[in-house]
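Enquirer: Here's a structure for you.
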Amino acid sequence: IPARMGSSRFPGKPLCKINGIPMIEHCYRRVELSKNINEVFLAICDPELEDFAIKKNFNYVMTDPIIQRPGLRVAEACKQKKIYDDDIVVVMQGDEPLISPSMIDKSITPFLKDTDNTIEIVNLCNEISEDEMNDPNEIKVVCDLDMNAMYMSRSFIPSIEHEEVRSKWYKQVCVMPFRWKTLKKLNFELDITPLESQESIEMLRAMQHGIKVKMVVSDESTKSVDCEADRIQVEKLMLNDIYFPKYVMKGR
């Protein structure tokens, strides 16, 4: 779970309180509820988050504060761990406090069924509405017939200008499992690509270098916290969340 205090839109947001518990703690404890995760750790760079992790007895790795991309922060943290090439590293987000353990388990399932070790990256996706298609914070994805991503964009895709029959519309959900060898390759061997820079979407580096990104449709939705209004919305949603009661007493 990568996190840093220096968010430009919401400084200090990993420790903002949601129903009395810091957001990063919600993320950590919900990942712990997954059936298939062997180890959970924070990839962090701030002394405030290190102090918090020590206080909570959370597993963590300190990384360079100049790192901006969450994928690179996790990759740098993994270099300090004993991880094998075909192991699966699930990159979460420290601002997704409604992520469910069942979403994590669903994202890992294609790897567990992949006896030939041909799957390298999986992303979850949700169906979205036309209103969400206009939101540049929502990363839209179009897929081939085998549900491999063909392209991701912050713009409205696919176009409806010449629509004859409407296809399903999907958005990326930031639960992203990688084989460790692929996460290493993407972050330490392959160059940033033009479309990645254009769209500010890390997955485009994989696609432009010919690495398939398997998309798995989830019927569960989540909500990232990028501002105070998001925090308030998530706080209300969490009160009806089935996972919150399973760990809430640990956070008090």
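Letters A, B, ... mark the chains of the structure tokens in the order given; residue numbers begin at 1 per chain; ligand numbers begin at 1, in order shown.
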Please run DSSP on the backbone and report, as a PyMOL selection string, all residues within segment 11-186 of chain A that come out as strand (DSSP E or B).
Expert: chain A and resi 17-18+21-22+42-44+60-62+88-91+121-127+140-143+148-153+170-173+176-179
Enquirer: Dump C-alpha atoms for the selected residues as a compact mmCIF listing (two decimals), in the first residue's frame?
Expert:
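Result file follows (again_16.txt):
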```txt
# COMPACT_ATOMS: atom_id res chain seq x y z
CA LYS A 17 -9.85 10.47 10.05
CA ILE A 18 -12.75 8.51 8.58
CA ILE A 21 -9.82 5.91 12.15
CA PRO A 22 -6.99 7.20 9.92
CA LEU A 42 2.99 0.03 3.71
CA ALA A 43 5.40 1.66 1.22
CA ILE A 44 5.92 5.08 2.79
CA TYR A 60 6.20 -1.01 6.55
CA VAL A 61 9.11 -0.12 4.26
CA MET A 62 10.60 3.36 4.02
CA ILE A 88 2.33 -11.87 -6.99
CA VAL A 89 2.57 -8.32 -5.71
CA VAL A 90 -0.78 -6.56 -5.36
CA VAL A 91 -0.43 -2.79 -5.63
CA ILE A 121 -0.69 -8.00 -14.81
CA VAL A 122 -4.35 -7.90 -13.74
CA ASN A 123 -6.52 -4.85 -13.11
CA LEU A 124 -10.04 -4.75 -11.79
CA CYS A 125 -12.67 -2.70 -13.60
CA ASN A 126 -16.25 -1.56 -13.03
CA GLU A 127 -19.00 -0.59 -15.42
CA LYS A 140 -11.63 4.62 -18.72
CA VAL A 141 -10.60 1.34 -20.33
CA VAL A 142 -11.53 -0.43 -23.56
CA CYS A 143 -10.85 -4.16 -23.90
CA ASN A 148 -7.31 -7.64 -22.16
CA ALA A 149 -6.96 -3.86 -22.02
CA MET A 150 -6.52 -2.22 -25.42
CA TYR A 151 -6.28 1.34 -24.14
CA MET A 152 -6.86 3.47 -21.05
CA SER A 153 -7.69 7.16 -21.02
CA TYR A 170 -15.57 0.33 -17.95
CA LYS A 171 -13.35 2.23 -15.55
CA GLN A 172 -10.15 1.01 -13.95
CA VAL A 173 -10.32 0.05 -10.27
CA MET A 176 -3.43 -4.12 -9.50
CA PRO A 177 -1.66 -7.47 -9.04
CA PHE A 178 1.65 -8.00 -10.86
CA ARG A 179 4.12 -10.83 -11.10
```
Enquirer: Can you work out which one of A:Ile232, A:Leu190, A:Ile99, A:Ile108 has the shortest atom-to-atom distance to Arg30 of chain A, counting only C-alpha atoms?
Expert: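 Looking at the shortest contact to Arg30 of chain A, the residue is A:Ile99.
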Enquirer: How close does segment 94-207 of chain A get to segment 66-86 of chain A? List, as a tab-separated table, each residue of segment 94-207 of chain A within 10 Å, its nearest atom pair and the distance in Å to one decimal, counting only C-alpha atoms.
Expert:
```
residue	atom	partner	partner_atom	distance
A:Gly94	CA	A:Pro70	CA	9.3
A:Phe111	CA	A:Asp86	CA	9.9
A:Asn117	CA	A:Asp86	CA	7.6
A:Glu120	CA	A:Asp86	CA	9.1
A:Met176	CA	A:Gly71	CA	9.4
A:Phe178	CA	A:Asp86	CA	9.0
A:Arg179	CA	A:Asp86	CA	5.4
A:Trp180	CA	A:Asp85	CA	5.1
A:Lys181	CA	A:Asp85	CA	4.6
A:Thr182	CA	A:Asp85	CA	8.1
A:Leu183	CA	A:Ala75	CA	6.6
A:Lys184	CA	A:Ala75	CA	6.5
A:Lys185	CA	A:Ala75	CA	9.8
A:Leu186	CA	A:Leu72	CA	8.8
A:Asn187	CA	A:Leu72	CA	5.9
A:Phe188	CA	A:Leu72	CA	8.6
A:Ser200	CA	A:Arg69	CA	9.9
A:Ile201	CA	A:Arg69	CA	9.9
A:Glu202	CA	A:Gly71	CA	7.8
A:Met203	CA	A:Gly71	CA	9.7
```
Enquirer: Give me, please, the distance in Å between atom CA of Phe41 of chain A and atom CA of Asn59 of chain A, quoted to one decimal.
Expert: 4.7 Å
Enquirer: Taking only C-alpha atoms into account, which of A:Thr63, A:Ser100, A:Ser34, A:Ser7 comes nearest Ser221 of chain A?
Expert: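 Closest to Ser221 of chain A, using only C-alpha atoms: A:Ser100.
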Enquirer: May I ask which of the residues A:Asn36, A:Thr222, A:Gln93, A:Ser102 is the closest one to Ile1 of chain A, counting only C-alpha atoms?
Expert: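 The answer is A:Gln93, which sits nearest to Ile1 of chain A.
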Enquirer: Counting only C-alpha atoms, what is within 10 Å of Arg29 of chain A, bar same-chain residues fewer than 5 positions away, as a PyMOL selection string?
Expert: chain A and resi 24+34+40+58+97+101+243-244+246-248+250-251
Enquirer: The selected residues should be written to file as a PDB file, in the first residue's frame (atoms: N, CA, C and O atoms).
Expert:
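To be explicit, this is the file written out as selection_18.pdb:
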```pdb
ATOM      1  N   ILE A  24      -5.349   5.492   6.168  1.00  0.00           N
ATOM      2  CA  ILE A  24      -4.377   4.453   5.830  1.00  0.00           C
ATOM      3  C   ILE A  24      -4.603   3.189   6.653  1.00  0.00           C
ATOM      4  O   ILE A  24      -4.342   2.080   6.198  1.00  0.00           O
ATOM      5  N   SER A  34      -8.199 -10.145   3.429  1.00  0.00           N
ATOM      6  CA  SER A  34      -8.153 -10.978   2.221  1.00  0.00           C
ATOM      7  C   SER A  34      -7.741 -12.411   2.567  1.00  0.00           C
ATOM      8  O   SER A  34      -6.886 -12.640   3.415  1.00  0.00           O
ATOM      9  N   VAL A  40       1.154  -8.054   4.266  1.00  0.00           N
ATOM     10  CA  VAL A  40       0.708  -6.692   3.961  1.00  0.00           C
ATOM     11  C   VAL A  40       1.792  -5.739   4.434  1.00  0.00           C
ATOM     12  O   VAL A  40       2.328  -5.903   5.530  1.00  0.00           O
ATOM     13  N   PHE A  58       2.250  -1.991  12.400  1.00  0.00           N
ATOM     14  CA  PHE A  58       2.023  -2.317  10.994  1.00  0.00           C
ATOM     15  C   PHE A  58       3.366  -2.570  10.313  1.00  0.00           C
ATOM     16  O   PHE A  58       4.361  -1.901  10.599  1.00  0.00           O
ATOM     17  N   PRO A  97     -10.142   3.769   0.917  1.00  0.00           N
ATOM     18  CA  PRO A  97     -10.526   3.115   2.172  1.00  0.00           C
ATOM     19  C   PRO A  97     -11.759   2.228   2.088  1.00  0.00           C
ATOM     20  O   PRO A  97     -12.124   1.599   3.085  1.00  0.00           O
ATOM     21  N   PRO A 101     -11.847  -6.806   0.752  1.00  0.00           N
ATOM     22  CA  PRO A 101     -10.979  -7.977   0.602  1.00  0.00           C
ATOM     23  C   PRO A 101     -11.428  -8.910  -0.518  1.00  0.00           C
ATOM     24  O   PRO A 101     -10.607  -9.562  -1.159  1.00  0.00           O
ATOM     25  N   TYR A 243     -17.629  -4.635   5.883  1.00  0.00           N
ATOM     26  CA  TYR A 243     -16.301  -4.965   6.402  1.00  0.00           C
ATOM     27  C   TYR A 243     -15.885  -4.076   7.567  1.00  0.00           C
ATOM     28  O   TYR A 243     -15.086  -4.492   8.414  1.00  0.00           O
ATOM     29  N   PHE A 244     -16.404  -2.870   7.623  1.00  0.00           N
ATOM     30  CA  PHE A 244     -16.020  -1.921   8.658  1.00  0.00           C
ATOM     31  C   PHE A 244     -16.164  -2.509  10.070  1.00  0.00           C
ATOM     32  O   PHE A 244     -15.231  -2.413  10.884  1.00  0.00           O
ATOM     33  N   LYS A 246     -15.845  -5.432  11.063  1.00  0.00           N
ATOM     34  CA  LYS A 246     -14.920  -6.550  11.306  1.00  0.00           C
ATOM     35  C   LYS A 246     -13.574  -6.099  11.859  1.00  0.00           C
ATOM     36  O   LYS A 246     -12.835  -6.898  12.416  1.00  0.00           O
ATOM     37  N   TYR A 247     -13.255  -4.825  11.669  1.00  0.00           N
ATOM     38  CA  TYR A 247     -11.966  -4.350  12.185  1.00  0.00           C
ATOM     39  C   TYR A 247     -12.083  -3.063  12.994  1.00  0.00           C
ATOM     40  O   TYR A 247     -11.083  -2.608  13.554  1.00  0.00           O
ATOM     41  N   VAL A 248     -13.274  -2.478  13.088  1.00  0.00           N
ATOM     42  CA  VAL A 248     -13.406  -1.173  13.699  1.00  0.00           C
ATOM     43  C   VAL A 248     -12.894  -1.145  15.141  1.00  0.00           C
ATOM     44  O   VAL A 248     -12.245  -0.186  15.573  1.00  0.00           O
ATOM     45  N   LYS A 250     -10.490  -2.727  16.438  1.00  0.00           N
ATOM     46  CA  LYS A 250      -9.025  -2.732  16.486  1.00  0.00           C
ATOM     47  C   LYS A 250      -8.461  -1.327  16.364  1.00  0.00           C
ATOM     48  O   LYS A 250      -7.338  -1.058  16.777  1.00  0.00           O
ATOM     49  N   GLY A 251      -9.219  -0.440  15.719  1.00  0.00           N
ATOM     50  CA  GLY A 251      -8.707   0.905  15.477  1.00  0.00           C
ATOM     51  C   GLY A 251      -8.997   1.888  16.595  1.00  0.00           C
ATOM     52  O   GLY A 251      -8.570   3.028  16.551  1.00  0.00           O
TER      53      GLY A 251
END
```
